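Input: a single structure, listed below in structure tokens.
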Amino acid sequence: MEMNLPNIIEAVLFVHGESMNISRLAKLTKKSESEALEALEVLGKRLEDRGLRLIKKENEVMLSTAPETSLFVQELVKEEFSGKLTRATLETLAIVVYHGPLSRPDIDFIRGVNSSFTLRNLLVSGLVEREIGPKDKRTFIYSPSMRFLQYLGIPRLDSLPEYNEFRSTLAEFLKQNNQEEK
Amino acid sequence: MPSYSVTTEQFKGPIDLLLNLIEERKFSINAISLAAVANQYLDYVRSLPELPRAEAASFLVVASTLLLIKSKSLLPSLELTGEEEESIGDLERRLKLYRRFKELSVHVQSLYGKNVLYGREAFSGVSVGFVEPKGIDAKALYSALGSLIKILPLAKDIPEKTVANVIKLEDKINELCERVSVAVKTSFRELAKGENKMTLIVSFLALLELVKRGVVDAKQEGSFSNIEVLKS
């Protein structure tokens, strides 16, 4: 029986529930990461007219409900959902998602205020993740979480309006800056 | 701590404040508009009952750049250093970047919580079982526990040290003054007998101060010889 990789991945993700690392998926199914990615593409397309979706952020994927079903699922789940973002939270989130991953000092510089309190709140509510900076082990760098994608109802970061445009102008800007410093 | 006060919502950082001032007047971001709002900015900062400690530096740095811009606008012939030109450029860039994020945050706001995507709890419906790890026997557990105990941190005895007393120059000056008034004539060696290096230095400074004040006269025969101290 030939292996239907997209189906296998669908089943695994269903049982696993939470997001899963693509490399782990590859290992589990004894396939290469690129094969897994291909299968995920296929799966994602298949789900587009179904009640479920595939969310992807960097190397993580997960199965979720389709955005148009949200109202009814919410009824079922009866989740206490605070849909309100304060101005500070909104600003910080926008910076982290469009400009991330970046450190707190970088965020502070853009906002012109200290963001520790706001970032801590965002960490606690699971909207933002942090890890040790690859360049500087003393600072944390912050990035948007899977949960944040879920709350926005988008399957990938670049589904955000102007995401790709902003990231490319940012790349230009940073390249210019680096050249200037040299 | 001001950053955690209830007024955090109304609190404006320097960039937010500056951008507000510019946008209120429907200006675009450039040196001219920055010069125009400089006074307003400074008035606002002055009006704050207490400059929030954490943000104080940011407010002041921006203030100083605004003053620079204002000065240049009033004195066009004023020559700015490369660094100063850069600070002005940086401020303009910061404002433009901040404004861009305000625009982008509208997207986040409009999508947030509207159509939430739900997932399933990890492994829900899957019963938890115990899987015996391979190669585990009493001996392995025993050695694992032994290694764990070895790496447990020991309570360290932190050495205590008393903070040395600080000698105030003023006190030393008064002390020397008193001793000279009693002895009329003495020498530095006498005055500073038995003192440690730090106290010695302070005593010497006190002596110099007294000489400056005209309270005492000091005489020294040769380099590094004893210093005679006379009441003047």
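Chains: A, B, ... in order of the structure tokens. Residues: from 1 per chain. Ligands: from 1, in order shown.
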Compile a residue-level contact table for chain B against chain A at a cut-off of 6 Å, reporting for every qualifying residue the shortest atom pair and its distance in Å to one decimal, with only C-alpha atoms counted, rows ordered by chain and ascending number, as a tab-separated table.
residue	atom	partner	partner_atom	distance
B:Gly13	CA	A:Val113	CA	5.2
B:Pro14	CA	A:Gly112	CA	5.9
B:Ile15	CA	A:Gly112	CA	5.4
B:Ser105	CA	A:Ala94	CA	5.0
B:Leu111	CA	A:Leu152	CA	5.1
B:Tyr112	CA	A:Leu152	CA	4.5
B:Gly113	CA	A:Tyr151	CA	5.2
B:Asn115	CA	A:Pro67	CA	5.0
B:Val116	CA	A:Tyr151	CA	4.7
B:Leu117	CA	A:Gln150	CA	4.6
B:Tyr118	CA	A:Ser64	CA	5.2
B:Gly119	CA	A:Ser64	CA	4.6
B:Arg120	CA	A:Gly17	CA	4.4
B:Glu121	CA	A:Gly17	CA	5.3
B:Ala122	CA	A:Gly17	CA	4.4
B:Phe123	CA	A:His16	CA	5.0
Please list as a PDB file with all heavy atoms, in the first residue's frame every residue within 9 Å of segment 40-44 of chain B, counting only C-alpha atoms and excluding residues in the same chain fewer than 6 positions away.
ATOM      1  N   PRO B  14       8.635  59.737  24.440  1.00  0.00           N
ATOM      2  CA  PRO B  14       9.062  60.902  23.663  1.00  0.00           C
ATOM      3  C   PRO B  14       8.742  60.799  22.168  1.00  0.00           C
ATOM      4  O   PRO B  14       8.362  61.807  21.553  1.00  0.00           O
ATOM      5  CB  PRO B  14      10.579  60.954  23.896  1.00  0.00           C
ATOM      6  CG  PRO B  14      10.952  59.617  24.404  1.00  0.00           C
ATOM      7  CD  PRO B  14       9.774  59.083  25.116  1.00  0.00           C
ATOM      8  N   LEU B  17       4.948  61.125  21.746  1.00  0.00           N
ATOM      9  CA  LEU B  17       4.602  62.522  21.990  1.00  0.00           C
ATOM     10  C   LEU B  17       4.937  63.388  20.787  1.00  0.00           C
ATOM     11  O   LEU B  17       4.094  64.142  20.275  1.00  0.00           O
ATOM     12  CB  LEU B  17       5.363  63.023  23.222  1.00  0.00           C
ATOM     13  CG  LEU B  17       5.329  64.516  23.511  1.00  0.00           C
ATOM     14  CD1 LEU B  17       3.925  64.963  23.813  1.00  0.00           C
ATOM     15  CD2 LEU B  17       6.244  64.855  24.670  1.00  0.00           C
ATOM     16  N   LEU B  18       6.151  63.241  20.308  1.00  0.00           N
ATOM     17  CA  LEU B  18       6.620  64.063  19.196  1.00  0.00           C
ATOM     18  C   LEU B  18       5.782  63.828  17.950  1.00  0.00           C
ATOM     19  O   LEU B  18       5.385  64.765  17.251  1.00  0.00           O
ATOM     20  CB  LEU B  18       8.083  63.726  18.929  1.00  0.00           C
ATOM     21  CG  LEU B  18       8.929  64.742  18.176  1.00  0.00           C
ATOM     22  CD1 LEU B  18       8.744  66.131  18.725  1.00  0.00           C
ATOM     23  CD2 LEU B  18      10.387  64.331  18.226  1.00  0.00           C
ATOM     24  N   LEU B  21       2.472  65.561  18.230  1.00  0.00           N
ATOM     25  CA  LEU B  21       2.570  67.006  18.040  1.00  0.00           C
ATOM     26  C   LEU B  21       2.647  67.350  16.555  1.00  0.00           C
ATOM     27  O   LEU B  21       2.034  68.303  16.088  1.00  0.00           O
ATOM     28  CB  LEU B  21       3.795  67.567  18.770  1.00  0.00           C
ATOM     29  CG  LEU B  21       3.752  67.500  20.296  1.00  0.00           C
ATOM     30  CD1 LEU B  21       5.071  67.969  20.891  1.00  0.00           C
ATOM     31  CD2 LEU B  21       2.615  68.338  20.841  1.00  0.00           C
ATOM     32  N   ALA B  63      14.911  65.691  23.539  1.00  0.00           N
ATOM     33  CA  ALA B  63      14.866  67.138  23.764  1.00  0.00           C
ATOM     34  C   ALA B  63      16.119  67.804  23.226  1.00  0.00           C
ATOM     35  O   ALA B  63      16.063  68.861  22.576  1.00  0.00           O
ATOM     36  CB  ALA B  63      14.698  67.433  25.254  1.00  0.00           C
ATOM     37  N   LEU B  66      16.063  68.090  19.523  1.00  0.00           N
ATOM     38  CA  LEU B  66      15.115  69.121  19.082  1.00  0.00           C
ATOM     39  C   LEU B  66      15.717  70.508  19.227  1.00  0.00           C
ATOM     40  O   LEU B  66      15.526  71.383  18.371  1.00  0.00           O
ATOM     41  CB  LEU B  66      13.821  69.029  19.890  1.00  0.00           C
ATOM     42  CG  LEU B  66      12.885  67.895  19.504  1.00  0.00           C
ATOM     43  CD1 LEU B  66      11.701  67.853  20.446  1.00  0.00           C
ATOM     44  CD2 LEU B  66      12.406  68.067  18.068  1.00  0.00           C
TER      45      LEU B  66
END
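Look at Ser33 of chain B: the protein and nucleic acid residues within 10 Å of it, using only C-alpha atoms and passing over chain neighbours fewer than 3 places away, are Leu21, Ile22, Glu23, Arg25, Lys26, Phe27, Ser28, Ile29, Asn30, Ala36, Val37, Ala38, Ile69 and Lys70 of chain B.
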Could you give me the residues within segment 141-212 of chain B that DSSP places in helix (DSSP H, G or I), as number ranges by chain?
B: 141-151, 169-183, 188-191, 197-212
Enter the distance from atom CA of Arg156 of chain A to atom CA of Ser143 of chain A, in Å, rounded to one decimal.
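Interatomic distance here is 13.6 Å.
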Give one line per residue of segment 36-91 of chain A that approaches segment 5-8 of chain A to at most 7 Å, naming the two atoms of the closest pair and their distance in Å to one decimal, counting only C-alpha atoms; sort by chain then ascending residue number and deliver it as a Markdown table.
| residue | atom | partner | partner_atom | distance |
| --- | --- | --- | --- | --- |
| A:Ala39 | CA | A:Pro6 | CA | 4.8 |
| A:Leu40 | CA | A:Pro6 | CA | 6.2 |
| A:Val42 | CA | A:Pro6 | CA | 6.5 |
| A:Leu43 | CA | A:Pro6 | CA | 5.3 |
Store the residues picked out above, limited to C-alpha atoms, as a compact mmCIF listing (two decimals), in the first residue's frame.
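And here's out.txt as it stands now:
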# COMPACT_ATOMS: atom_id res chain seq x y z
CA ALA A 39 3.07 16.90 1.70
CA LEU A 40 2.11 19.78 3.98
CA VAL A 42 -0.80 19.38 -0.50
CA LEU A 43 -2.60 18.95 2.80
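Of the residues listed (A:Ser125, A:Thr139, A:Thr29, A:Ser34), A:Thr139 shows the shortest atom-to-atom separation from Pro105 of chain A; distances use only C-alpha atoms.
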If you run DSSP on the backbone here, which positions in segment 66-220 of chain B get strand (DSSP E)? Please write them as a ChimeraX atom specification.
/B:185-187,216-220
Could you tell me which of A:Lys175, A:Ser23, A:Leu170, A:Arg130 comes closest to Phe101 of chain B if we count only C-alpha atoms?
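Nearest to Phe101 of chain B: A:Leu170.
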